>>> print(open('run03.pdb').read())   # PDB, C-alpha atoms
ATOM      1  CA  MET A 287      92.699 115.419  32.574
ATOM      2  CA  ARG A 288      95.574 113.576  30.948
ATOM      3  CA  GLU A 289      94.852 110.018  29.968
ATOM      4  CA  ARG A 290      96.759 107.338  31.763
ATOM      5  CA  LYS A 291      99.484 106.131  29.480
ATOM      6  CA  SER A 292     100.389 102.538  28.965
ATOM      7  CA  VAL A 293     103.832 101.282  29.562
ATOM      8  CA  LYS A 294     105.972 100.602  26.535
ATOM      9  CA  PHE A 295     107.916  97.398  26.660
ATOM     10  CA  ASN A 296     110.973  97.749  24.533
ATOM     11  CA  LEU A 297     112.899  94.553  24.927
ATOM     12  CA  GLN A 298     115.619  95.563  22.526
ATOM     13  CA  GLN A 299     116.210  98.791  24.424
ATOM     14  CA  GLN A 300     116.335  96.908  27.710
ATOM     15  CA  HIS A 301     118.896  94.438  26.403
ATOM     16  CA  GLN A 302     121.049  97.285  25.193
ATOM     17  CA  GLN A 303     120.810  99.027  28.517
ATOM     18  CA  GLU A 304     121.547  96.029  30.726
ATOM     19  CA  ASP A 305     125.080  95.795  32.083
ATOM     20  CA  GLN A 306     126.902  92.681  33.239
ATOM     21  CA  ASN A 307     125.226  92.604  36.639
ATOM     22  CA  GLY A 308     121.755  92.722  35.055
ATOM     23  CA  HIS A 309     121.132  96.278  36.259
ATOM     24  CA  LEU A 310     119.462  98.727  33.990
ATOM     25  CA  SER A 311     121.797 101.615  33.282
ATOM     26  CA  PRO A 312     121.122 104.866  35.166
ATOM     27  CA  PHE A 313     118.409 106.989  33.640
ATOM     28  CA  LYS A 314     118.188 110.731  33.688
ATOM     29  CA  LEU A 315     117.064 112.211  36.982
ATOM     30  CA  ALA A 316     114.603 114.395  35.130
ATOM     31  CA  ASN A 317     112.672 111.255  34.150
ATOM     32  CA  LEU A 318     111.720 110.812  37.794
ATOM     33  CA  PHE A 319     109.209 113.625  37.444
ATOM     34  CA  ASP A 320     108.431 113.293  33.758
ATOM     35  CA  PRO A 321     104.958 111.880  33.068
ATOM     36  CA  ASP A 322     105.967 111.334  29.439
ATOM     37  CA  ALA A 323     108.871 109.015  30.301
ATOM     38  CA  SER A 324     108.225 105.366  29.558
ATOM     39  CA  TRP A 325     108.868 102.955  32.387
ATOM     40  CA  ASP A 326     110.048  99.399  32.541
ATOM     41  CA  LYS A 327     108.436  97.365  35.330
ATOM     42  CA  ASP A 328     111.772  96.706  37.016
ATOM     43  CA  GLN A 329     112.830 100.346  36.821
ATOM     44  CA  LEU A 330     109.605 101.632  38.341
ATOM     45  CA  GLY A 331     109.700  98.945  41.013
ATOM     46  CA  ASP A 332     113.251  99.917  41.957
ATOM     47  CA  ILE A 333     112.384 103.603  42.117
ATOM     48  CA  LEU A 334     109.412 102.982  44.362
ATOM     49  CA  HIS A 335     111.551 100.730  46.553
ATOM     50  CA  TRP A 336     114.221 103.372  47.099
ATOM     51  CA  ILE A 337     111.684 106.139  47.654
ATOM     52  CA  ARG A 338     110.144 104.018  50.387
ATOM     53  CA  GLN A 339     113.527 103.411  51.980
ATOM     54  CA  ALA A 340     114.342 107.140  51.945
ATOM     55  CA  LEU A 341     110.963 107.941  53.509
ATOM     56  CA  ALA A 342     111.518 105.259  56.142
ATOM     57  CA  LEU A 343     114.922 106.655  57.070
ATOM     58  CA  ILE A 344     113.745 110.267  57.211
ATOM     59  CA  CYS A 345     110.626 109.467  59.217
ATOM     60  CA  GLY A 346     112.503 107.143  61.551
ATOM     61  CA  LEU A 347     115.144 109.774  62.287
ATOM     62  CA  LEU A 348     112.506 112.464  62.722
ATOM     63  CA  TRP A 349     110.107 110.414  64.844
ATOM     64  CA  GLY A 350     113.002 109.354  67.077
ATOM     65  CA  ALA A 351     114.468 112.839  67.444
ATOM     66  CA  ILE A 352     111.269 114.687  68.398
ATOM     67  CA  PRO A 353     110.405 112.046  69.903
ATOM     68  CA  LEU A 354     107.060 110.726  68.790
ATOM     69  CA  VAL A 355     105.904 107.941  71.061
ATOM     70  CA  GLY A 356     103.087 105.491  70.558
ATOM     71  CA  GLY A 357     101.908 102.873  68.117
ATOM     72  CA  ILE A 358      99.743 105.384  66.285
ATOM     73  CA  TRP A 359     102.873 106.971  64.813
ATOM     74  CA  PHE A 360     103.844 103.646  63.308
ATOM     75  CA  LEU A 361     100.484 103.427  61.579
ATOM     76  CA  LEU A 362     100.838 107.018  60.480
ATOM     77  CA  PHE A 363     104.155 106.226  58.849
ATOM     78  CA  VAL A 364     102.665 103.290  56.928
ATOM     79  CA  VAL A 365      99.749 105.403  55.708
ATOM     80  CA  LEU A 366     101.966 108.394  54.910
ATOM     81  CA  SER A 367     104.575 106.434  52.969
ATOM     82  CA  SER A 368     101.923 104.498  51.048
ATOM     83  CA  GLY A 369     100.109 107.744  50.270
ATOM     84  CA  ILE A 370     103.282 109.354  48.963
ATOM     85  CA  ILE A 371     104.085 106.331  46.799
ATOM     86  CA  TYR A 372     100.551 106.272  45.421
ATOM     87  CA  GLY A 373     100.657 110.006  44.744
ATOM     88  CA  TYR A 374     103.984 109.647  42.993
ATOM     89  CA  TYR A 375     103.089 106.908  40.537
ATOM     90  CA  ALA A 376      99.437 107.857  40.030
ATOM     91  CA  LEU A 377      99.546 111.644  40.029
ATOM     92  CA  ILE A 378     103.117 112.629  39.068
ATOM     93  CA  LEU A 379     104.137 109.782  36.772
ATOM     94  CA  LYS A 380     100.552 109.033  35.746
ATOM     95  CA  VAL A 381     101.337 105.391  34.990
ATOM     96  CA  ASP A 382      98.655 102.834  34.242
ATOM     97  CA  GLU A 383      98.877 100.531  37.253
ATOM     98  CA  GLU A 384      97.344  97.665  35.268
ATOM     99  CA  ASP A 385     100.547  97.448  33.244
ATOM    100  CA  PHE A 386     102.544  96.948  36.437
ATOM    101  CA  GLY A 387     100.416  94.379  38.196
ATOM    102  CA  GLY A 388      97.903  96.696  39.829
ATOM    103  CA  HIS A 389      97.980  99.004  42.835
ATOM    104  CA  GLY A 390      98.867  96.144  45.162
ATOM    105  CA  ALA A 391     102.051  95.261  43.328
ATOM    106  CA  LEU A 392     103.203  98.879  43.212
ATOM    107  CA  LEU A 393     102.315  99.694  46.790
ATOM    108  CA  GLN A 394     104.073  96.656  48.190
ATOM    109  CA  GLU A 395     107.392  97.405  46.493
ATOM    110  CA  GLY A 396     109.908  97.721  49.290
ATOM    111  CA  LEU A 397     107.185  97.881  51.949
ATOM    112  CA  PHE A 398     108.566  95.251  54.289
ATOM    113  CA  ALA A 399     112.138  96.521  54.144
ATOM    114  CA  SER A 400     110.971 100.101  54.635
ATOM    115  CA  VAL A 401     108.917  99.197  57.706
ATOM    116  CA  SER A 402     111.944  97.423  59.189
ATOM    117  CA  LEU A 403     114.231 100.336  58.351
ATOM    118  CA  PHE A 404     111.765 102.818  59.826
ATOM    119  CA  LEU A 405     111.465 100.851  63.070
ATOM    120  CA  LEU A 406     115.240 100.466  63.267
ATOM    121  CA  ALA A 407     115.885 104.182  62.780
ATOM    122  CA  TRP A 408     113.072 105.192  65.129
ATOM    123  CA  ILE A 409     114.159 102.830  67.895
ATOM    124  CA  LEU A 410     117.854 103.700  67.587
ATOM    125  CA  VAL A 411     117.436 107.469  67.589
ATOM    126  CA  TYR A 412     114.847 107.342  70.368
ATOM    127  CA  SER A 413     117.060 105.118  72.538
ATOM    128  CA  LEU A 414     120.284 107.003  71.949
ATOM    129  CA  ALA A 415     118.948 110.557  72.051
ATOM    130  CA  HIS A 416     116.527 110.362  74.949
ATOM    131  CA  PHE A 417     118.083 108.001  77.492
TER     132      PHE A 417
ATOM    133  CA  MET B 106     136.150 112.082  73.275
ATOM    134  CA  ALA B 107     134.113 109.873  70.967
ATOM    135  CA  SER B 108     134.664 106.829  73.168
ATOM    136  CA  ALA B 109     133.630 108.835  76.247
ATOM    137  CA  LEU B 110     130.426 109.912  74.501
ATOM    138  CA  PHE B 111     129.846 106.345  73.361
ATOM    139  CA  SER B 112     130.224 104.922  76.851
ATOM    140  CA  ASN B 113     127.891 107.560  78.321
ATOM    141  CA  LEU B 114     125.012 106.421  76.155
ATOM    142  CA  LYS B 115     122.737 104.056  78.040
ATOM    143  CA  TYR B 116     121.936 102.041  74.949
ATOM    144  CA  SER B 117     125.293 102.186  73.214
ATOM    145  CA  ASP B 118     125.101  98.402  72.789
ATOM    146  CA  SER B 119     122.553  98.995  70.047
ATOM    147  CA  LEU B 120     125.254 100.672  67.954
ATOM    148  CA  THR B 121     127.530  97.683  68.484
ATOM    149  CA  LEU B 122     124.704  95.445  67.356
ATOM    150  CA  VAL B 123     124.081  97.514  64.237
ATOM    151  CA  GLY B 124     127.792  97.510  63.449
ATOM    152  CA  ILE B 125     127.961  93.733  63.747
ATOM    153  CA  SER B 126     124.823  93.380  61.587
ATOM    154  CA  VAL B 127     126.272  95.576  58.854
ATOM    155  CA  SER B 128     129.540  93.630  58.872
ATOM    156  CA  THR B 129     127.675  90.321  58.814
ATOM    157  CA  ALA B 130     125.515  91.467  55.916
ATOM    158  CA  ILE B 131     128.583  92.438  53.901
ATOM    159  CA  VAL B 132     130.332  89.160  54.667
ATOM    160  CA  CYS B 133     127.226  87.115  53.785
ATOM    161  CA  GLU B 134     126.767  88.901  50.491
ATOM    162  CA  ALA B 135     130.449  88.419  49.698
ATOM    163  CA  ILE B 136     130.100  84.682  50.364
ATOM    164  CA  SER B 137     126.913  84.579  48.301
ATOM    165  CA  TRP B 138     128.644  86.320  45.438
ATOM    166  CA  LEU B 139     131.532  83.884  45.614
ATOM    167  CA  LEU B 140     129.373  80.778  45.717
ATOM    168  CA  ILE B 141     126.258  81.823  43.823
ATOM    169  CA  TYR B 142     126.044  85.079  41.954
ATOM    170  CA  ARG B 143     129.256  84.936  39.938
ATOM    171  CA  THR B 144     128.593  81.396  38.662
ATOM    172  CA  ALA B 145     127.512  80.839  35.077
ATOM    173  CA  SER B 146     124.603  78.649  36.220
ATOM    174  CA  TYR B 147     123.066  81.428  38.289
ATOM    175  CA  LYS B 148     123.484  84.031  35.555
ATOM    176  CA  SER B 149     121.964  81.703  33.014
ATOM    177  CA  LEU B 150     118.968  80.853  35.211
ATOM    178  CA  LYS B 151     118.375  84.500  36.111
ATOM    179  CA  SER B 152     118.495  85.497  32.465
ATOM    180  CA  THR B 153     116.053  82.721  31.572
ATOM    181  CA  ILE B 154     113.626  83.819  34.269
ATOM    182  CA  ASP B 155     113.858  87.481  33.252
ATOM    183  CA  LYS B 156     113.197  86.662  29.612
ATOM    184  CA  ALA B 157     110.365  84.263  30.394
ATOM    185  CA  SER B 158     108.597  86.683  32.733
ATOM    186  CA  LYS B 159     108.874  89.534  30.242
ATOM    187  CA  LYS B 160     107.636  87.277  27.447
ATOM    188  CA  LEU B 161     104.728  86.204  29.635
ATOM    189  CA  GLU B 162     103.753  89.792  30.383
ATOM    190  CA  THR B 163     103.912  90.715  26.716
ATOM    191  CA  MET B 164     101.780  87.734  25.773
ATOM    192  CA  LYS B 165      99.212  88.551  28.427
ATOM    193  CA  THR B 166      98.909  92.232  27.537
ATOM    194  CA  THR B 167      98.976  92.071  23.719
ATOM    195  CA  GLY B 168      96.348  90.608  21.418
ATOM    196  CA  SER B 169      92.871  91.611  20.276
ATOM    197  CA  ASN B 170      89.896  91.804  22.617
ATOM    198  CA  ASN B 171      87.760  89.159  20.934
ATOM    199  CA  PRO B 172      90.061  86.749  19.153
ATOM    200  CA  PRO B 173      88.640  83.675  17.413
ATOM    201  CA  SER B 174      88.403  80.633  19.699
ATOM    202  CA  ASN B 175      91.158  78.649  17.949
ATOM    203  CA  ILE B 176      93.605  81.566  18.240
ATOM    204  CA  LEU B 177      92.615  82.085  21.897
ATOM    205  CA  LYS B 178      93.183  78.384  22.608
ATOM    206  CA  SER B 179      96.589  78.454  20.934
ATOM    207  CA  LYS B 180      97.559  81.620  22.849
ATOM    208  CA  THR B 181      96.431  80.112  26.155
ATOM    209  CA  LYS B 182      98.525  77.017  25.468
ATOM    210  CA  LYS B 183     101.567  79.170  24.726
ATOM    211  CA  ILE B 184     101.046  81.162  27.918
ATOM    212  CA  ASP B 185     100.761  77.920  29.912
ATOM    213  CA  ARG B 186     103.974  76.629  28.355
ATOM    214  CA  VAL B 187     105.872  79.799  29.217
ATOM    215  CA  GLU B 188     104.432  79.804  32.754
ATOM    216  CA  THR B 189     105.487  76.180  33.268
ATOM    217  CA  SER B 190     108.952  76.984  31.972
ATOM    218  CA  LEU B 191     109.120  79.999  34.314
ATOM    219  CA  LYS B 192     108.102  77.909  37.321
ATOM    220  CA  GLU B 193     110.680  75.251  36.487
ATOM    221  CA  SER B 194     113.433  77.832  36.128
ATOM    222  CA  SER B 195     112.407  79.469  39.408
ATOM    223  CA  ARG B 196     112.492  76.109  41.141
ATOM    224  CA  ASP B 197     115.927  75.324  39.698
ATOM    225  CA  LEU B 198     117.173  78.739  40.842
ATOM    226  CA  SER B 199     115.868  78.176  44.363
ATOM    227  CA  LEU B 200     117.450  74.731  44.523
ATOM    228  CA  PHE B 201     120.754  76.038  43.255
ATOM    229  CA  LYS B 202     120.890  78.855  45.779
ATOM    230  CA  PHE B 203     119.755  76.600  48.618
ATOM    231  CA  LYS B 204     122.724  74.290  48.215
ATOM    232  CA  SER B 205     125.198  77.151  48.260
ATOM    233  CA  GLY B 206     123.358  79.068  50.946
ATOM    234  CA  ALA B 207     124.183  76.544  53.643
ATOM    235  CA  VAL B 208     127.548  78.238  54.199
ATOM    236  CA  VAL B 209     125.899  81.599  54.741
ATOM    237  CA  ALA B 210     123.426  79.962  57.111
ATOM    238  CA  VAL B 211     126.328  78.666  59.229
ATOM    239  CA  VAL B 212     127.858  82.153  59.392
ATOM    240  CA  LEU B 213     124.546  83.672  60.444
ATOM    241  CA  PHE B 214     124.067  80.996  63.077
ATOM    242  CA  MET B 215     127.504  81.661  64.532
ATOM    243  CA  VAL B 216     126.954  85.426  64.582
ATOM    244  CA  PHE B 217     123.610  85.005  66.300
ATOM    245  CA  GLY B 218     125.227  82.750  68.895
ATOM    246  CA  LEU B 219     127.919  85.365  69.493
ATOM    247  CA  LEU B 220     125.376  88.153  69.889
ATOM    248  CA  ASN B 221     123.316  86.001  72.213
ATOM    249  CA  SER B 222     126.281  85.411  74.454
ATOM    250  CA  LEU B 223     127.167  89.113  74.452
ATOM    251  CA  PHE B 224     123.723  90.592  75.034
ATOM    252  CA  GLU B 225     121.644  87.889  76.662
ATOM    253  CA  GLY B 226     119.255  89.289  79.279
ATOM    254  CA  MET B 227     120.161  92.891  78.381
ATOM    255  CA  ALA B 228     117.858  95.522  76.959
ATOM    256  CA  VAL B 229     119.861  96.943  74.062
ATOM    257  CA  ALA B 230     117.356  99.660  73.124
ATOM    258  CA  LYS B 231     114.032 101.229  74.012
ATOM    259  CA  ILE B 232     111.013 100.807  71.783
ATOM    260  CA  PRO B 233     108.949 104.007  71.513
ATOM    261  CA  PHE B 234     105.675 102.111  71.737
ATOM    262  CA  VAL B 235     104.310  98.952  73.337
ATOM    263  CA  PRO B 236     104.413  96.236  70.659
ATOM    264  CA  ILE B 237     101.484  93.899  70.088
ATOM    265  CA  ARG B 238     101.532  90.695  72.107
ATOM    266  CA  LEU B 239     102.772  88.581  69.215
ATOM    267  CA  VAL B 240     105.770  90.848  68.673
ATOM    268  CA  GLN B 241     106.473  91.042  72.414
ATOM    269  CA  LYS B 242     107.504  87.393  72.382
ATOM    270  CA  MET B 243     110.467  88.436  70.290
ATOM    271  CA  SER B 244     111.030  92.016  71.423
ATOM    272  CA  HIS B 245     111.088  91.056  75.110
ATOM    273  CA  ARG B 246     112.770  87.678  74.645
ATOM    274  CA  GLY B 247     115.107  86.810  77.504
ATOM    275  CA  LEU B 248     114.528  90.104  79.321
ATOM    276  CA  HIS B 249     113.466  90.464  82.929
ATOM    277  CA  GLY B 250     110.729  92.739  84.211
ATOM    278  CA  ASN B 251     107.397  93.793  82.775
ATOM    279  CA  ASP B 252     108.421  96.833  80.787
ATOM    280  CA  MET B 253     107.438  95.764  77.285
ATOM    281  CA  THR B 254     109.196  98.732  75.722
ATOM    282  CA  ASP B 255     112.573  97.176  76.556
ATOM    283  CA  CYS B 256     114.072  95.854  73.358
ATOM    284  CA  SER B 257     115.974  92.586  73.263
ATOM    285  CA  MET B 258     118.940  91.814  71.020
ATOM    286  CA  THR B 259     116.866  89.371  68.989
ATOM    287  CA  PHE B 260     114.316  91.931  67.864
ATOM    288  CA  LEU B 261     116.848  94.620  67.021
ATOM    289  CA  TYR B 262     118.996  92.103  65.170
ATOM    290  CA  LEU B 263     115.971  90.963  63.206
ATOM    291  CA  LEU B 264     115.192  94.544  62.173
ATOM    292  CA  CYS B 265     118.830  95.103  61.218
ATOM    293  CA  SER B 266     118.954  91.892  59.199
ATOM    294  CA  ILE B 267     115.828  92.586  57.234
ATOM    295  CA  SER B 268     116.473  96.235  56.489
ATOM    296  CA  ILE B 269     120.225  96.144  55.915
ATOM    297  CA  ARG B 270     120.452  92.884  53.985
ATOM    298  CA  THR B 271     117.425  93.516  51.792
ATOM    299  CA  ASN B 272     118.712  96.911  50.770
ATOM    300  CA  LEU B 273     122.258  95.676  50.335
ATOM    301  CA  GLN B 274     121.062  92.896  48.050
ATOM    302  CA  LYS B 275     118.953  95.371  46.136
ATOM    303  CA  PHE B 276     121.815  97.813  45.817
ATOM    304  CA  LEU B 277     124.219  95.147  44.601
ATOM    305  CA  GLY B 278     121.654  93.681  42.224
ATOM    306  CA  PHE B 279     121.439  90.340  44.000
ATOM    307  CA  SER B 280     117.689  90.447  44.629
ATOM    308  CA  PRO B 281     115.696  87.590  43.106
ATOM    309  CA  PRO B 282     114.164  88.443  39.717
ATOM    310  CA  ARG B 283     110.633  89.809  39.980
ATOM    311  CA  GLY B 284     109.362  87.057  37.729
ATOM    312  CA  ALA B 285     110.616  84.313  40.038
ATOM    313  CA  ALA B 286     107.979  82.513  42.093
ATOM    314  CA  GLY B 287     107.738  83.854  45.621
ATOM    315  CA  ALA B 288     109.438  87.123  44.821
ATOM    316  CA  GLY B 289     106.179  89.054  45.210
ATOM    317  CA  LEU B 290     104.599  90.149  48.464
ATOM    318  CA  PHE B 291     106.870  91.205  51.283
ATOM    319  CA  PRO B 292     110.225  90.449  49.735
ATOM    320  CA  MET B 293     112.565  89.380  52.525
ATOM    321  CA  PRO B 294     116.330  89.201  52.180
ATOM    322  CA  ASP B 295     116.810  86.417  49.696
ATOM    323  CA  PRO B 296     116.283  83.381  51.946
ATOM    324  CA  LYS B 297     118.130  80.980  49.704
ATOM    325  CA  SER B 298     121.335  82.932  50.270
ATOM    326  CA  ASN B 299     120.803  82.788  54.025
TER     327      ASN B 299
END
>>> encode(input="run03.pdb", output="structure tokens")
Amino acid sequence: MRERKSVKFNLQQQHQQEDQNGHLSPFKLANLFDPDASWDKDQLGDILHWIRQALALICGLLWGAIPLVGGIWFLLFVVLSSGIIYGYYALILKVDEEDFGGHGALLQEGLFASVSLFLLAWILVYSLAHF
Amino acid sequence: MASALFSNLKYSDSLTLVGISVSTAIVCEAISWLLIYRTASYKSLKSTIDKASKKLETMKTTGSNNPPSNILKSKTKKIDRVETSLKESSRDLSLFKFKSGAVVAVVLFMVFGLLNSLFEGMAVAKIPFVPIRLVQKMSHRGLHGNDMTDCSMTFLYLLCSISIRTNLQKFLGFSPPRGAAGAGLFPMPDPKSN
């Protein structure tokens, strides 16, 4: 089993990569699935945020189109999206969560916005497609 | 043909609501950029917070496991100093954004008033589950009848605001720095720019 790797903080590299808006410059897409890539806390947080939003949109559209009705499907979404996020950073990226503030900090990245986006998509598609 | 399809949808008002929310979010972020994000003060404070939080993390994660007590004391003092500086910068940032955010708050208030007048008492969508009682106070606000799956304008607008504005701020890079106080659990759309 591969050892969990620690994050490497490279302040000089970050300063070089930052543009005027304070964004970090785009990284290679291949790094998204590369366990050997080193991650900055902000970069990883942003990735997890956008993955959650994509999952929220897809699930909301799907749940609304089928349609899936009932509060249990809301809970299922929360569990599913959290499970996918956990699987991504723990099993694919193999990051050491202690370097990023623990599981809580990583799992809550983008959670609130994704729940809102999921509910919005689910409600809209359900209302428009089935009434 | 599109307008005929649009008018045939029972809950077509929800699309109008989403459209207004998207437009409002764009306008609010434009105002925020004009009054807050492009100013030198904001950029300076944000940079200070970013540097301080990164410095704090580095200080907390580096160092030997059993340092001598005098070195540990000195390190703890340094960490406290950086933390105090970070808190002060975060407070200054919040104060700065609060003053400029009043304009955005007025815009949001006016938009909400407009939506209220347009959709008051109307179910704009259907919720695919019965919300918990606490949420029903908002989701069924102003609606008649006992069908708790009817969705009021207020609830849908709230969902639009949170999801669209948070992601728009994130996309544009206007989200508060992660090191800033209060930027942790459940990050809402930056309230100080509301």
>>> interface_residues(input="run03.pdb", of="chain B", to="chain A", cutoff="6 Å", atoms="all atoms listed in the file", output="list in words")
Ala230, Lys231, Ile232, Pro233, Phe234, Leu264, Ser268 and Phe291 of chain B
>>> resolve_selection(input="run03.pdb", expression="the PyMOL selection byres ((chain B and resi 126) around 8)", output="ChimeraX atom specification")
/B:122-125,127-130,262,265-266,269
>>> resolve_selection(input="run03.pdb", expression="the PyMOL selection byres ((chain B and resi 141) around 10)", output="PyMOL selection string")
chain B and resi 134-140+142-148+201-206+279+298
>>> atom_distance(input="run03.pdb", atom1="CA of Cys345 in chain A", atom2="CA of Ile371 in chain A")
14.4 Å
>>> axis_aligned_box(input="run03.pdb", around="range 235-249 of chain B", padding_each_side="4 Å", output="lines of an AutoDock Vina configuration file")
center_x = 108.3
center_y = 92.9
center_z = 75.8
size_x = 21.6
size_y = 20.1
size_z = 22.3
>>> atom_distance(input="run03.pdb", atom1="CA of Ser367 in chain A", atom2="CA of Ile337 in chain A")
8.9 Å
>>> atom_distance(input="run03.pdb", atom1="CA of Asp185 in chain B", atom2="CA of Gly278 in chain B")
28.9 Å
>>> resolve_selection(input="run03.pdb", expression="the PyMOL selection byres ((chain A and resi 320) around 12)", output="MDAnalysis selection string")
chainID A and resid 313:319 321:325 374:375 377:381
>>> residues_around(input="run03.pdb", residues="range 224-228 of chain B", least_positions_apart="5", cutoff="12 Å", atoms="all atoms listed in the file", output="number ranges by chain")
A: 413; B: 115-119, 121-122, 217-219, 244-250, 252-262
>>> write_last_selection(input="run03.pdb", atoms="C-alpha atoms", output="PDB file, in the coordinates of the input")
ATOM      1  CA  SER A 413     117.060 105.118  72.538  1.00  0.00           C
TER       2      SER A 413
ATOM      3  CA  LYS B 115     122.737 104.056  78.040  1.00  0.00           C
ATOM      4  CA  TYR B 116     121.936 102.041  74.949  1.00  0.00           C
ATOM      5  CA  SER B 117     125.293 102.186  73.214  1.00  0.00           C
ATOM      6  CA  ASP B 118     125.101  98.402  72.789  1.00  0.00           C
ATOM      7  CA  SER B 119     122.553  98.995  70.047  1.00  0.00           C
ATOM      8  CA  THR B 121     127.530  97.683  68.484  1.00  0.00           C
ATOM      9  CA  LEU B 122     124.704  95.445  67.356  1.00  0.00           C
ATOM     10  CA  PHE B 217     123.610  85.005  66.300  1.00  0.00           C
ATOM     11  CA  GLY B 218     125.227  82.750  68.895  1.00  0.00           C
ATOM     12  CA  LEU B 219     127.919  85.365  69.493  1.00  0.00           C
ATOM     13  CA  SER B 244     111.030  92.016  71.423  1.00  0.00           C
ATOM     14  CA  HIS B 245     111.088  91.056  75.110  1.00  0.00           C
ATOM     15  CA  ARG B 246     112.770  87.678  74.645  1.00  0.00           C
ATOM     16  CA  GLY B 247     115.107  86.810  77.504  1.00  0.00           C
ATOM     17  CA  LEU B 248     114.528  90.104  79.321  1.00  0.00           C
ATOM     18  CA  HIS B 249     113.466  90.464  82.929  1.00  0.00           C
ATOM     19  CA  GLY B 250     110.729  92.739  84.211  1.00  0.00           C
ATOM     20  CA  ASP B 252     108.421  96.833  80.787  1.00  0.00           C
ATOM     21  CA  MET B 253     107.438  95.764  77.285  1.00  0.00           C
ATOM     22  CA  THR B 254     109.196  98.732  75.722  1.00  0.00           C
ATOM     23  CA  ASP B 255     112.573  97.176  76.556  1.00  0.00           C
ATOM     24  CA  CYS B 256     114.072  95.854  73.358  1.00  0.00           C
ATOM     25  CA  SER B 257     115.974  92.586  73.263  1.00  0.00           C
ATOM     26  CA  MET B 258     118.940  91.814  71.020  1.00  0.00           C
ATOM     27  CA  THR B 259     116.866  89.371  68.989  1.00  0.00           C
ATOM     28  CA  PHE B 260     114.316  91.931  67.864  1.00  0.00           C
ATOM     29  CA  LEU B 261     116.848  94.620  67.021  1.00  0.00           C
ATOM     30  CA  TYR B 262     118.996  92.103  65.170  1.00  0.00           C
TER      31      TYR B 262
END
>>> residues_around(input="run03.pdb", residues="range 191-193 of chain B", least_positions_apart="3", cutoff="9 Å", atoms="all atoms listed in the file", output="list of chain:residue names")
B:Thr153, B:Ile154, B:Asp155, B:Ala157, B:Ser158, B:Leu161, B:Arg186, B:Val187, B:Glu188, B:Arg196, B:Asp197, B:Leu198, B:Gly284, B:Ala285, B:Ala286
>>> decode(input="run03.pdb", residues="range 384-394 of chain A", atoms="N, CA, C and O atoms", output="JSON list (two decimals), in the first residue's frame")
[["chain", "number", "residue", "atom", "x", "y", "z"],
["A", 384, "GLU", "N", -4.30, 15.40, 7.01],
["A", 384, "GLU", "CA", -3.83, 16.23, 8.12],
["A", 384, "GLU", "C", -3.17, 17.50, 7.61],
["A", 384, "GLU", "O", -3.17, 18.53, 8.29],
["A", 385, "ASP", "N", -2.60, 17.45, 6.42],
["A", 385, "ASP", "CA", -1.96, 18.63, 5.85],
["A", 385, "ASP", "C", -2.97, 19.62, 5.30],
["A", 385, "ASP", "O", -2.60, 20.72, 4.91],
["A", 386, "PHE", "N", -4.23, 19.22, 5.23],
["A", 386, "PHE", "CA", -5.26, 20.09, 4.66],
["A", 386, "PHE", "C", -6.35, 20.43, 5.67],
["A", 386, "PHE", "O", -7.41, 20.88, 5.30],
["A", 387, "GLY", "N", -6.07, 20.17, 6.93],
["A", 387, "GLY", "CA", -7.06, 20.52, 7.95],
["A", 387, "GLY", "C", -7.97, 19.38, 8.35],
["A", 387, "GLY", "O", -8.97, 19.60, 9.04],
["A", 388, "GLY", "N", -7.66, 18.17, 7.90],
["A", 388, "GLY", "CA", -8.45, 17.01, 8.32],
["A", 388, "GLY", "C", -9.58, 16.70, 7.36],
["A", 388, "GLY", "O", -9.86, 17.44, 6.42],
["A", 389, "HIS", "N", -10.24, 15.57, 7.62],
["A", 389, "HIS", "CA", -11.33, 15.12, 6.75],
["A", 389, "HIS", "C", -12.46, 16.15, 6.72],
["A", 389, "HIS", "O", -13.06, 16.39, 5.66],
["A", 390, "GLY", "N", -12.75, 16.74, 7.87],
["A", 390, "GLY", "CA", -13.85, 17.70, 7.95],
["A", 390, "GLY", "C", -13.68, 18.85, 6.99],
["A", 390, "GLY", "O", -14.60, 19.23, 6.26],
["A", 391, "ALA", "N", -12.48, 19.43, 6.99],
["A", 391, "ALA", "CA", -12.20, 20.57, 6.12],
["A", 391, "ALA", "C", -12.33, 20.20, 4.65],
["A", 391, "ALA", "O", -12.87, 20.96, 3.85],
["A", 392, "LEU", "N", -11.87, 19.02, 4.29],
["A", 392, "LEU", "CA", -11.94, 18.61, 2.88],
["A", 392, "LEU", "C", -13.36, 18.24, 2.47],
["A", 392, "LEU", "O", -13.79, 18.54, 1.36],
["A", 393, "LEU", "N", -14.08, 17.60, 3.37],
["A", 393, "LEU", "CA", -15.43, 17.17, 3.01],
["A", 393, "LEU", "C", -16.42, 18.32, 2.97],
["A", 393, "LEU", "O", -17.45, 18.24, 2.31],
["A", 394, "GLN", "N", -16.11, 19.41, 3.68],
["A", 394, "GLN", "CA", -17.06, 20.51, 3.67],
["A", 394, "GLN", "C", -16.79, 21.54, 2.57],
["A", 394, "GLN", "O", -17.55, 22.48, 2.42]]
